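Have a look at start.cif below; it lists mmCIF, C-alpha atoms and all ligand atoms.
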data_structure
#
loop_
_atom_site.label_atom_id
_atom_site.label_comp_id
_atom_site.auth_asym_id
_atom_site.auth_seq_id
_atom_site.Cartn_x
_atom_site.Cartn_y
_atom_site.Cartn_z
CA MET A 702 99.58 23.57 49.13
CA THR A 703 102.17 23.20 46.37
CA THR A 704 101.71 25.75 43.60
CA VAL A 705 102.73 25.09 40.00
CA LYS A 706 102.85 27.33 36.97
CA ILE A 707 102.81 25.55 33.63
CA LEU A 708 103.93 27.55 30.61
CA GLY A 709 102.32 26.30 27.40
CA ALA A 710 98.65 25.30 27.14
CA GLY A 711 99.44 22.72 24.49
CA SER A 712 99.60 18.95 24.46
CA ILE A 713 102.17 18.42 27.21
CA GLY A 714 100.90 21.36 29.28
CA ASN A 715 97.52 19.66 29.56
CA HIS A 716 99.02 16.27 30.49
CA LEU A 717 101.17 17.75 33.24
CA ALA A 718 98.37 20.01 34.52
CA HIS A 719 96.15 16.95 34.85
CA GLY A 720 98.95 15.01 36.59
CA ALA A 721 99.56 17.86 39.03
CA ARG A 722 95.84 18.14 39.85
CA GLN A 723 95.76 14.38 40.57
CA ILE A 724 98.14 14.93 43.48
CA GLY A 725 96.31 18.04 44.69
CA TRP A 726 98.62 20.79 43.44
CA GLN A 727 97.26 24.25 42.74
CA VAL A 728 97.73 24.75 38.99
CA ALA A 729 98.02 27.84 36.78
CA ILE A 730 98.45 27.35 33.02
CA VAL A 731 99.97 30.30 31.18
CA ASP A 732 100.11 30.82 27.42
CA VAL A 733 100.92 33.75 25.16
CA ASP A 734 98.10 32.65 22.87
CA PRO A 735 94.58 33.22 24.28
CA ALA A 736 93.21 30.73 21.69
CA ALA A 737 95.41 28.01 23.25
CA LEU A 738 93.99 28.80 26.71
CA GLU A 739 90.45 28.60 25.39
CA ARG A 740 91.24 25.33 23.58
CA THR A 741 92.52 23.89 26.85
CA ARG A 742 89.32 24.77 28.70
CA SER A 743 86.79 23.80 26.04
CA ASP A 744 88.51 21.04 24.11
CA ILE A 745 91.83 19.38 25.06
CA TYR A 746 91.35 18.94 28.81
CA PRO A 747 87.70 17.79 28.78
CA ALA A 748 88.29 15.54 25.74
CA ARG A 749 91.22 13.81 27.43
CA TYR A 750 90.15 13.69 31.08
CA GLY A 751 86.35 13.83 30.98
CA ALA A 752 85.65 17.37 32.19
CA TRP A 753 87.28 20.74 32.62
CA ASP A 754 88.68 21.32 36.13
CA GLU A 755 87.46 24.70 37.41
CA GLU A 756 90.29 24.79 39.98
CA ILE A 757 92.83 25.34 37.20
CA ARG A 758 93.65 28.98 36.60
CA LEU A 759 94.21 30.03 32.98
CA ALA A 760 96.20 33.18 32.29
CA THR A 761 98.27 35.12 29.82
CA PRO A 762 101.78 36.07 31.09
CA ASP A 763 100.77 39.67 31.94
CA GLN A 764 97.99 38.37 34.26
CA ILE A 765 100.55 36.52 36.41
CA ASN A 766 103.58 38.85 36.46
CA ASP A 767 106.03 38.10 39.29
CA GLU A 768 103.94 35.79 41.50
CA HIS A 769 105.91 33.09 43.30
CA PHE A 770 105.33 29.40 42.42
CA ASP A 771 106.95 26.37 44.08
CA VAL A 772 107.28 24.62 40.74
CA VAL A 773 107.53 25.96 37.18
CA ILE A 774 107.06 23.67 34.18
CA LEU A 775 108.07 24.75 30.69
CA GLY A 776 105.81 22.97 28.18
CA THR A 777 106.58 25.34 25.32
CA PRO A 778 108.56 24.72 22.10
CA PRO A 779 112.28 23.90 22.59
CA ASP A 780 113.50 27.17 21.06
CA THR A 781 111.74 29.11 23.84
CA HIS A 782 113.02 27.00 26.76
CA LEU A 783 116.26 28.70 27.76
CA ALA A 784 115.07 32.31 27.64
CA LEU A 785 111.88 31.40 29.52
CA ALA A 786 113.81 29.39 32.11
CA LEU A 787 116.10 32.34 32.87
CA ALA A 788 113.17 34.76 33.10
CA GLU A 789 111.14 32.40 35.33
CA MET A 790 114.03 31.83 37.73
CA ARG A 791 114.00 35.55 38.40
CA ALA A 792 110.21 36.17 38.27
CA SER A 793 108.66 33.06 39.88
CA ARG A 794 111.64 32.04 42.04
CA PRO A 795 110.63 28.35 42.00
CA LYS A 796 112.34 25.64 44.04
CA LEU A 797 111.94 23.21 41.17
CA MET A 798 111.75 23.69 37.41
CA LEU A 799 110.89 21.02 34.86
CA ILE A 800 111.91 21.91 31.30
CA GLU A 801 110.34 19.72 28.65
CA LYS A 802 112.56 17.72 26.32
CA PRO A 803 114.59 18.45 24.33
CA LEU A 804 116.28 20.98 26.62
CA CYS A 805 116.95 23.40 23.75
CA PRO A 806 117.75 23.59 20.02
CA PRO A 807 121.02 21.85 19.03
CA ASP A 808 123.45 24.43 20.42
CA LEU A 809 124.91 23.99 23.90
CA THR A 810 126.50 27.42 24.20
CA PRO A 811 123.55 29.14 26.00
CA CYS A 812 123.27 26.27 28.52
CA ALA A 813 126.23 27.64 30.49
CA GLU A 814 124.11 30.60 31.54
CA LEU A 815 121.24 28.32 32.54
CA VAL A 816 123.56 26.35 34.81
CA ARG A 817 124.96 29.55 36.31
CA VAL A 818 121.60 31.27 36.95
CA ALA A 819 120.05 28.07 38.35
CA ALA A 820 122.89 27.74 40.85
CA GLN A 821 122.73 31.44 41.71
CA ASN A 822 118.97 31.28 42.41
CA ASP A 823 119.07 27.82 44.01
CA VAL A 824 116.62 26.30 41.49
CA ARG A 825 116.68 22.54 40.93
CA VAL A 826 116.27 22.00 37.17
CA LEU A 827 114.94 18.79 35.63
CA VAL A 828 114.45 17.86 31.97
CA GLY A 829 111.23 16.02 31.06
CA TYR A 830 112.48 12.64 29.86
CA ASN A 831 109.53 10.98 31.56
CA HIS A 832 110.28 7.42 30.39
CA ARG A 833 113.00 7.20 33.04
CA LEU A 834 110.29 7.32 35.71
CA THR A 835 107.54 5.04 34.43
CA GLU A 836 106.68 1.88 36.33
CA HIS A 837 108.24 -0.55 33.86
CA THR A 838 111.51 1.39 33.96
CA ARG A 839 111.50 1.21 37.76
CA ILE A 840 111.08 -2.58 37.53
CA ALA A 841 114.03 -2.78 35.11
CA VAL A 842 116.14 -0.67 37.48
CA ASP A 843 115.33 -3.10 40.28
CA TRP A 844 116.10 -6.23 38.23
CA LEU A 845 119.42 -4.85 36.99
CA LYS A 846 120.66 -4.57 40.58
CA ASP A 847 121.21 -8.37 40.50
CA HIS A 848 123.73 -8.08 37.61
CA ALA A 849 122.14 -11.22 36.16
CA LEU A 850 123.08 -10.36 32.56
CA GLY A 851 126.82 -10.87 33.10
CA GLU A 852 129.23 -8.79 31.03
CA ILE A 853 127.26 -6.24 28.98
CA THR A 854 128.07 -6.58 25.27
CA THR A 855 125.82 -4.06 23.52
CA LEU A 856 122.80 -1.78 23.92
CA ARG A 857 120.21 -0.77 21.31
CA ALA A 858 117.39 1.75 21.61
CA MET A 859 114.84 3.18 19.24
CA THR A 860 112.04 5.69 19.21
CA ARG A 861 110.57 5.26 15.77
CA GLU A 862 107.20 6.90 15.49
CA HIS A 863 105.40 8.46 12.57
CA TRP A 864 104.44 11.94 13.66
CA GLY A 865 100.91 11.60 12.30
CA GLY A 866 99.97 10.82 15.92
CA ILE A 867 101.46 14.11 17.10
CA PHE A 868 99.59 16.06 14.42
CA ALA A 869 96.39 14.19 15.27
CA ALA A 870 96.83 15.50 18.85
CA HIS A 871 97.34 19.02 17.42
CA PRO A 872 94.49 19.42 14.91
CA TRP A 873 95.05 23.19 14.92
CA LEU A 874 98.42 22.68 13.17
CA SER A 875 98.40 22.13 9.42
CA GLY A 876 101.76 20.35 9.23
CA PRO A 877 105.46 20.26 10.25
CA ALA A 878 106.27 23.74 8.92
CA ASP A 879 103.68 25.24 11.31
CA THR A 880 105.77 24.39 14.36
CA TYR A 881 109.28 23.66 15.68
CA LEU A 882 108.66 19.97 14.81
CA GLY A 883 109.48 20.65 11.16
CA PHE A 884 112.87 22.20 11.93
CA THR A 885 115.86 20.28 13.28
CA SER A 886 117.53 23.64 13.96
CA ARG A 887 114.68 24.57 16.38
CA GLY A 888 114.82 21.30 18.33
CA GLY A 889 112.39 19.36 16.13
CA GLY A 890 112.96 16.61 13.56
CA ALA A 891 113.62 13.04 14.65
CA LEU A 892 116.80 13.98 16.56
CA GLY A 893 115.07 16.46 18.87
CA GLU A 894 111.46 15.31 19.01
CA HIS A 895 112.26 11.64 19.54
CA SER A 896 115.38 12.16 21.69
CA HIS A 897 113.76 9.84 24.25
CA ALA A 898 115.75 7.03 22.58
CA ILE A 899 119.14 8.71 23.10
CA ASN A 900 118.14 9.54 26.67
CA ILE A 901 116.92 6.06 27.62
CA TRP A 902 120.03 4.50 26.02
CA GLN A 903 122.13 6.74 28.26
CA TYR A 904 120.08 5.76 31.32
CA PHE A 905 120.45 2.02 30.79
CA ALA A 906 124.16 2.42 29.99
CA GLU A 907 124.54 4.22 33.32
CA LEU A 908 122.46 1.61 35.21
CA ALA A 909 124.58 -1.17 33.74
CA GLY A 910 127.80 0.61 34.73
CA CYS A 911 128.82 1.16 31.10
CA GLY A 912 129.63 4.88 31.27
CA ARG A 913 128.75 7.92 29.17
CA ILE A 914 128.63 8.36 25.41
CA THR A 915 131.86 9.95 24.18
CA GLU A 916 131.88 9.05 20.48
CA VAL A 917 129.11 9.39 17.87
CA ALA A 918 128.79 8.44 14.21
CA CYS A 919 125.48 9.44 12.67
CA MET A 920 123.64 9.18 9.39
CA LEU A 921 120.61 11.41 8.87
CA ASP A 922 117.89 11.43 6.28
CA GLU A 923 117.28 15.18 6.00
CA VAL A 924 114.37 16.53 3.95
CA GLU A 925 113.03 19.90 2.92
CA VAL A 926 109.29 19.81 2.27
CA GLU A 927 106.64 22.50 2.13
CA GLY A 928 108.72 25.05 3.98
CA ALA A 929 109.97 22.63 6.65
CA ALA A 930 113.58 21.37 6.98
CA TYR A 931 114.11 18.41 9.27
CA ASP A 932 115.78 15.04 9.76
CA ARG A 933 113.18 12.33 9.40
CA ILE A 934 115.54 9.48 10.26
CA ALA A 935 118.54 9.61 12.59
CA GLN A 936 120.73 6.51 12.93
CA LEU A 937 123.51 6.73 15.49
CA SER A 938 126.38 4.42 16.35
CA VAL A 939 127.82 5.33 19.74
CA ARG A 940 130.65 4.34 22.07
CA THR A 941 130.97 5.11 25.79
CA ASP A 942 134.04 6.04 27.82
CA ARG A 943 133.95 2.45 29.12
CA GLY A 944 134.02 0.99 25.61
CA LEU A 945 130.37 -0.06 25.20
CA VAL A 946 129.31 0.13 21.55
CA GLY A 947 125.65 0.36 20.60
CA THR A 948 123.04 1.84 18.29
CA ILE A 949 120.24 4.38 18.60
CA VAL A 950 117.59 5.01 15.95
CA GLN A 951 114.97 7.75 15.95
CA ASP A 952 112.54 8.51 13.15
CA VAL A 953 109.25 10.22 12.38
CA VAL A 954 108.16 7.72 9.70
CA THR A 955 107.54 4.33 11.39
CA ARG A 956 103.91 3.24 11.78
CA PRO A 957 102.94 1.74 14.19
CA ALA A 958 105.52 3.14 16.57
CA GLN A 959 108.42 1.19 18.08
CA LYS A 960 109.76 2.51 21.38
CA TRP A 961 112.10 -0.23 22.39
CA LEU A 962 115.41 -0.97 24.08
CA ARG A 963 117.50 -4.10 24.49
CA LEU A 964 120.46 -4.53 26.81
CA GLU A 965 122.51 -7.51 25.75
CA GLY A 966 124.74 -9.40 28.19
CA ALA A 967 126.90 -12.51 28.05
CA ASP A 968 124.38 -14.35 30.28
CA GLY A 969 121.07 -12.95 28.98
CA TYR A 970 119.24 -9.85 27.84
CA LEU A 971 116.76 -7.27 29.05
CA GLU A 972 114.05 -5.88 26.78
CA TRP A 973 112.05 -2.76 27.53
CA GLN A 974 109.20 -1.43 25.46
CA VAL A 975 106.78 1.48 25.71
CA SER A 976 103.21 0.74 24.57
CA VAL A 977 103.76 -2.89 23.56
CA ASP A 978 100.01 -2.66 22.96
CA ALA A 979 97.49 0.13 23.54
CA GLU A 980 97.33 -0.57 27.28
CA HIS A 981 100.71 -1.90 28.38
CA ASP A 982 104.40 -1.21 28.74
CA LEU A 983 106.64 -4.27 28.84
CA VAL A 984 109.83 -5.29 30.59
CA LYS A 985 111.39 -8.70 30.20
CA MET A 986 114.63 -10.30 31.35
CA VAL A 987 115.72 -13.55 29.76
CA GLY A 988 118.66 -15.62 31.01
CA HIS A 989 120.54 -18.04 28.79
CA ASP A 990 119.98 -20.58 31.59
CA GLY A 991 116.27 -20.56 30.65
CA SER A 992 115.08 -18.11 33.33
CA ILE A 993 112.44 -15.56 32.25
CA ARG A 994 111.02 -12.61 34.14
CA GLU A 995 108.32 -10.58 32.40
CA GLU A 996 106.00 -7.77 33.52
CA ARG A 997 103.31 -6.17 31.40
CA VAL A 998 102.48 -2.96 33.18
CA ARG A 999 98.94 -1.74 32.54
CA LYS A 1000 98.90 1.97 31.78
CA THR A 1001 96.94 4.83 30.31
CA ARG A 1002 98.43 7.95 28.69
CA PRO A 1003 98.28 9.91 32.00
CA ASP A 1004 100.41 7.14 33.57
CA ASP A 1005 103.25 8.14 31.22
CA PHE A 1006 103.61 11.28 33.36
CA ARG A 1007 102.46 10.04 36.77
CA GLY A 1008 105.93 8.86 37.85
CA GLU A 1009 107.47 12.15 36.80
CA ILE A 1010 104.94 14.24 38.75
CA GLU A 1011 105.22 12.05 41.86
CA HIS A 1012 108.99 12.26 41.61
CA MET A 1013 108.77 16.07 41.61
CA ALA A 1014 106.59 15.98 44.71
CA ASP A 1015 109.14 13.73 46.38
CA LEU A 1016 112.01 16.04 45.39
CA LEU A 1017 110.23 18.97 47.04
CA LYS A 1018 110.11 16.96 50.28
CA ASN A 1019 113.59 15.41 49.99
CA PRO A 1020 115.66 17.75 47.83
CA ASP A 1021 118.99 16.12 48.64
CA GLN A 1022 118.37 12.99 46.55
CA ALA A 1023 119.76 12.50 43.05
CA SER A 1024 117.24 12.52 40.22
CA PRO A 1025 117.33 10.42 37.03
CA ILE A 1026 116.00 13.47 35.16
CA ASP A 1027 118.39 16.07 36.57
CA MET A 1028 119.49 18.85 34.21
CA GLU A 1029 122.89 17.23 33.70
CA ALA A 1030 121.24 14.12 32.18
CA GLY A 1031 119.17 16.32 29.84
CA MET A 1032 122.33 18.21 28.83
CA ASP A 1033 124.11 14.93 28.17
CA THR A 1034 121.36 14.02 25.70
CA MET A 1035 121.76 17.41 24.06
CA ARG A 1036 125.54 16.78 23.74
CA VAL A 1037 124.78 13.62 21.76
CA ILE A 1038 122.24 15.44 19.54
CA VAL A 1039 124.80 18.16 18.75
CA ALA A 1040 127.52 15.57 18.07
CA ALA A 1041 125.15 13.56 15.86
CA LEU A 1042 124.35 16.59 13.71
CA ARG A 1043 128.03 17.43 13.29
CA SER A 1044 128.86 13.82 12.51
CA ALA A 1045 126.20 13.58 9.81
CA ARG A 1046 127.01 16.91 8.21
CA GLU A 1047 130.79 16.53 8.32
CA GLY A 1048 130.78 12.82 7.47
CA ARG A 1049 132.99 11.70 10.38
CA PHE A 1050 133.06 10.35 13.94
CA VAL A 1051 132.64 13.10 16.53
CA ARG A 1052 134.10 12.92 20.03
CA ILE A 1053 132.22 14.50 22.92
CA GLU A 1054 134.78 16.24 25.08
CA ASP A 1055 134.31 16.49 28.86
N1 LIG A 1101 107.75 14.18 27.45
C1 LIG A 1101 106.89 13.94 26.48
O1 LIG A 1101 106.50 12.80 26.27
C2 LIG A 1101 106.38 15.07 25.65
C3 LIG A 1101 105.16 14.95 24.97
C4 LIG A 1101 104.71 16.05 24.21
C5 LIG A 1101 105.49 17.21 24.11
N2 LIG A 1101 106.68 17.27 24.77
C6 LIG A 1101 107.53 18.48 24.66
O2 LIG A 1101 106.81 19.59 25.18
C7 LIG A 1101 107.13 20.77 24.46
C8 LIG A 1101 105.85 21.37 23.89
O3 LIG A 1101 105.22 20.44 23.03
P1 LIG A 1101 103.65 20.45 22.78
O4 LIG A 1101 103.38 19.31 21.89
O5 LIG A 1101 102.93 20.56 24.05
O6 LIG A 1101 103.53 21.84 21.96
P2 LIG A 1101 102.17 22.65 21.62
O7 LIG A 1101 102.44 23.34 20.34
O8 LIG A 1101 100.99 21.75 21.75
O9 LIG A 1101 102.07 23.71 22.80
C9 LIG A 1101 103.03 24.68 23.04
C10 LIG A 1101 102.31 25.92 23.59
O10 LIG A 1101 103.31 26.83 24.08
C11 LIG A 1101 102.80 28.13 23.86
N3 LIG A 1101 103.89 29.10 23.97
C12 LIG A 1101 104.85 29.40 23.07
N4 LIG A 1101 105.67 30.33 23.57
C13 LIG A 1101 105.24 30.63 24.82
C14 LIG A 1101 105.68 31.51 25.84
N5 LIG A 1101 106.76 32.28 25.65
N6 LIG A 1101 105.00 31.55 27.01
C15 LIG A 1101 103.89 30.78 27.19
N7 LIG A 1101 103.42 29.93 26.25
C16 LIG A 1101 104.09 29.85 25.08
C17 LIG A 1101 102.16 28.07 22.48
O11 LIG A 1101 101.23 29.13 22.29
C18 LIG A 1101 101.48 26.70 22.55
O12 LIG A 1101 100.13 26.80 22.98
C19 LIG A 1101 108.15 20.36 23.41
O13 LIG A 1101 109.45 20.61 23.89
C20 LIG A 1101 107.88 18.87 23.24
O14 LIG A 1101 108.99 18.13 22.77
C21 LIG A 1101 107.12 16.25 25.54
#
Show me, as structure tokens, the structure contained in the file I just sent.
Amino acid sequence: MTTVKILGAGSIGNHLAHGARQIGWQVAIVDVDPAALERTRSDIYPARYGAWDEEIRLATPDQINDEHFDVVILGTPPDTHLALALAEMRASRPKLMLIEKPLCPPDLTPCAELVRVAAQNDVRVLVGYNHRLTEHTRIAVDWLKDHALGEITTLRAMTREHWGGIFAAHPWLSGPADTYLGFTSRGGGALGEHSHAINIWQYFAELAGCGRITEVACMLDEVEVEGAAYDRIAQLSVRTDRGLVGTIVQDVVTRPAQKWLRLEGADGYLEWQVSVDAEHDLVKMVGHDGSIREERVRKTRPDDFRGEIEHMADLLKNPDQASPIDMEAGMDTMRVIVAALRSAREGRFVRIED
């Protein structure tokens, strides 16, 4: 049976533990905070999924030590990811490691060691941009194979979501300053927390054959409130190495949320939306010849992670395949975050060098 160790008994740790149990994995959740473990057992897990699952092992790090696990998932704050990843590669010796997004705080320097140690220990590393693996994204991938949009002219993506929803899911936090969320420098703020938009923009640019982002101009709305210091709005203009120009917007102020993308072509457009209503994701392709394809994919919150978990199971069986959430894609998103911060603070376009 596949064994998985999930670090972080918080919001994402519970979602991924539930997803892993759904496919029969043996799950251990590990947290440095015993109160978080207790909250998982008595509150978060039963409230979300109906009942606590007695098969899940809860432990503090010292109760697990150097046991081997097939899969390690890091569901801890971004500023803990790299150090934990390096330690886990040596202690747990997993075949597969999923690091939650964003990969790290906005500094790429320590990533070189991650790449080196992962290669040395033969660990496949993924970064948890789960929207690349949901059902409506798979449908879009399939439709785009027909190249029905003609020449691609621009691409827009946004993850605009007031973070009241996040704090509602974390009632034990009193506000942004209590966590990494309130600090852009720790991987929070709109740039880090809502980096799904940068990442999905990059995915659709790649699918459409439009290359990688090499140039970024960014305007941030940065605030300092009640001990927190974060960007609440990030507006990026980007250009790829193949000349595609587009926009990406992320914010923590928009209510209700907009998680949306549009790929514009000479012959039509594709629209993609997460949670178009409480129960559906949407994908739609409209041709200027009058053709329309539209799928509303019914989903629940656990479905947001189902594709990701199933993909991990598949990678364990067939490790030679490429993955849309491979570490390199997560690092590419981090390159854009770092460039966006520099652009905003220095008031200029920033080039991302190879
Ligand atoms: N992909 C998604 O849609 C999605 C959704 C939610 C969160 N996330 C990401 O998951 C990560 C965690 O977010 P969250 O909302 O679950 O946070 P959280 O605050 O709910 O939980 C984090 C937990 O990690 C624990 N922790 C901290 N350091 C640790 C360590 N060294 N070892 C073990 N446990 C440790 C904390 O005690 C806490 O219980 C972030 O990077 C976030 O961006 C991704």
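Among the candidates A:Asp1021, A:Asp968, A:Glu927, A:Asp1005, the residue lying nearest to ligand LIG 1101 (chain A) is A:Asp1005 (atoms considered: all atoms listed in the file).
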Just give me the residues with any atom within 10 Å of (98.3, -1.0, 27.4), file coordinates, counting only C-alpha atoms, written as a PDB file with C-alpha atoms, in the frame of the given file.
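In the end it all went to part_2.pdb:
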ATOM      1  CA  VAL A 975     106.780   1.480  25.710  1.00  0.00           C
ATOM      2  CA  SER A 976     103.210   0.740  24.570  1.00  0.00           C
ATOM      3  CA  VAL A 977     103.760  -2.890  23.560  1.00  0.00           C
ATOM      4  CA  ASP A 978     100.010  -2.660  22.960  1.00  0.00           C
ATOM      5  CA  ALA A 979      97.490   0.130  23.540  1.00  0.00           C
ATOM      6  CA  GLU A 980      97.330  -0.570  27.280  1.00  0.00           C
ATOM      7  CA  HIS A 981     100.710  -1.900  28.380  1.00  0.00           C
ATOM      8  CA  ASP A 982     104.400  -1.210  28.740  1.00  0.00           C
ATOM      9  CA  LEU A 983     106.640  -4.270  28.840  1.00  0.00           C
ATOM     10  CA  ARG A 997     103.310  -6.170  31.400  1.00  0.00           C
ATOM     11  CA  VAL A 998     102.480  -2.960  33.180  1.00  0.00           C
ATOM     12  CA  ARG A 999      98.940  -1.740  32.540  1.00  0.00           C
ATOM     13  CA  LYS A1000      98.900   1.970  31.780  1.00  0.00           C
ATOM     14  CA  THR A1001      96.940   4.830  30.310  1.00  0.00           C
ATOM     15  CA  ARG A1002      98.430   7.950  28.690  1.00  0.00           C
TER      16      ARG A1002
END
For this session: Check which residues fall inside 7 Å of ligand LIG 1101 (chain A) when counting only C-alpha atoms and all ligand atoms, and print them as a PyMOL selection string.
Result: chain A and resi 708-714+731-734+737+762+776-779+781+785+801-803+829-831+871+880+894
Seminar exercise, completed: Judged by all atoms listed in the file, the minimum distance to Gly725 in chain A among A:Ala1023, A:Lys846, A:Glu1011, A:Gln974 is found for A:Glu1011
For this session: Give the answer as one residue: which of A:Cys805, A:Arg791, A:His895, A:Gly866 has the shortest atom-to-atom distance to Asp823 in chain A, using all atoms listed in the file?
Result: A:Arg791
For this session: Can you pull out every residue within 12 Å of Val924 in chain A, counting all atoms listed in the file, but drop anything in the same chain fewer than 6 positions away, and send it as a PyMOL selection string?
Result: chain A and resi 877-878+883-885+890-891+930-935+953
For this session: Mind giving me the straight-line distance from CA of Leu962 in chain A to CA of Arg857 in chain A in Å, one decimal?
Result: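 Interatomic distance here is 5.5 Å.
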Exercise. Smallest atom-to-atom distance to Ile745 in chain A: which of A:Ala869, A:Val773, A:Ala1030, A:Leu804, using all atoms listed in the file?
Worked result: A:Ala869
Problem set entry | Pick from A:Ala788, A:Val824, A:Leu882, A:Ala909 nearest to Asp847 in chain A, counting all atoms listed in the file |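 Using all atoms listed in the file, the shortest distance to Asp847 in chain A belongs to A:Ala909.
Remark: for Ile899 in chain A, the closest of the candidate residues A:Val842, A:Met790, A:Ala929, A:Val950 is A:Val950 (distances computed over only C-alpha atoms).
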For this session: Quote the spacing between CA of Gln959 in chain A and CA of Gly947 in chain A in Å to one decimal place.
Result: 17.4 Å
Exercise. CA of Ala906 in chain A and CA of Leu799 in chain A are how many Å apart?
Worked result: 23.4 Å
May I have a table of the residues of range 827-920 of chain A lying at most 9 Å from range 806-811 of chain A, giving each one's closest pair of atoms and their distance in Å to one decimal, counting only C-alpha atoms, ordered by chain and ascending residue number, as a Markdown table?
| residue | atom | partner | partner_atom | distance |
| --- | --- | --- | --- | --- |
| A:Thr885 | CA | A:Pro806 | CA | 7.7 |
| A:Ser886 | CA | A:Pro806 | CA | 6.1 |
| A:Arg887 | CA | A:Pro806 | CA | 4.9 |
| A:Gly888 | CA | A:Pro806 | CA | 4.1 |
| A:Gly889 | CA | A:Pro806 | CA | 7.9 |
| A:Gly893 | CA | A:Pro806 | CA | 7.7 |
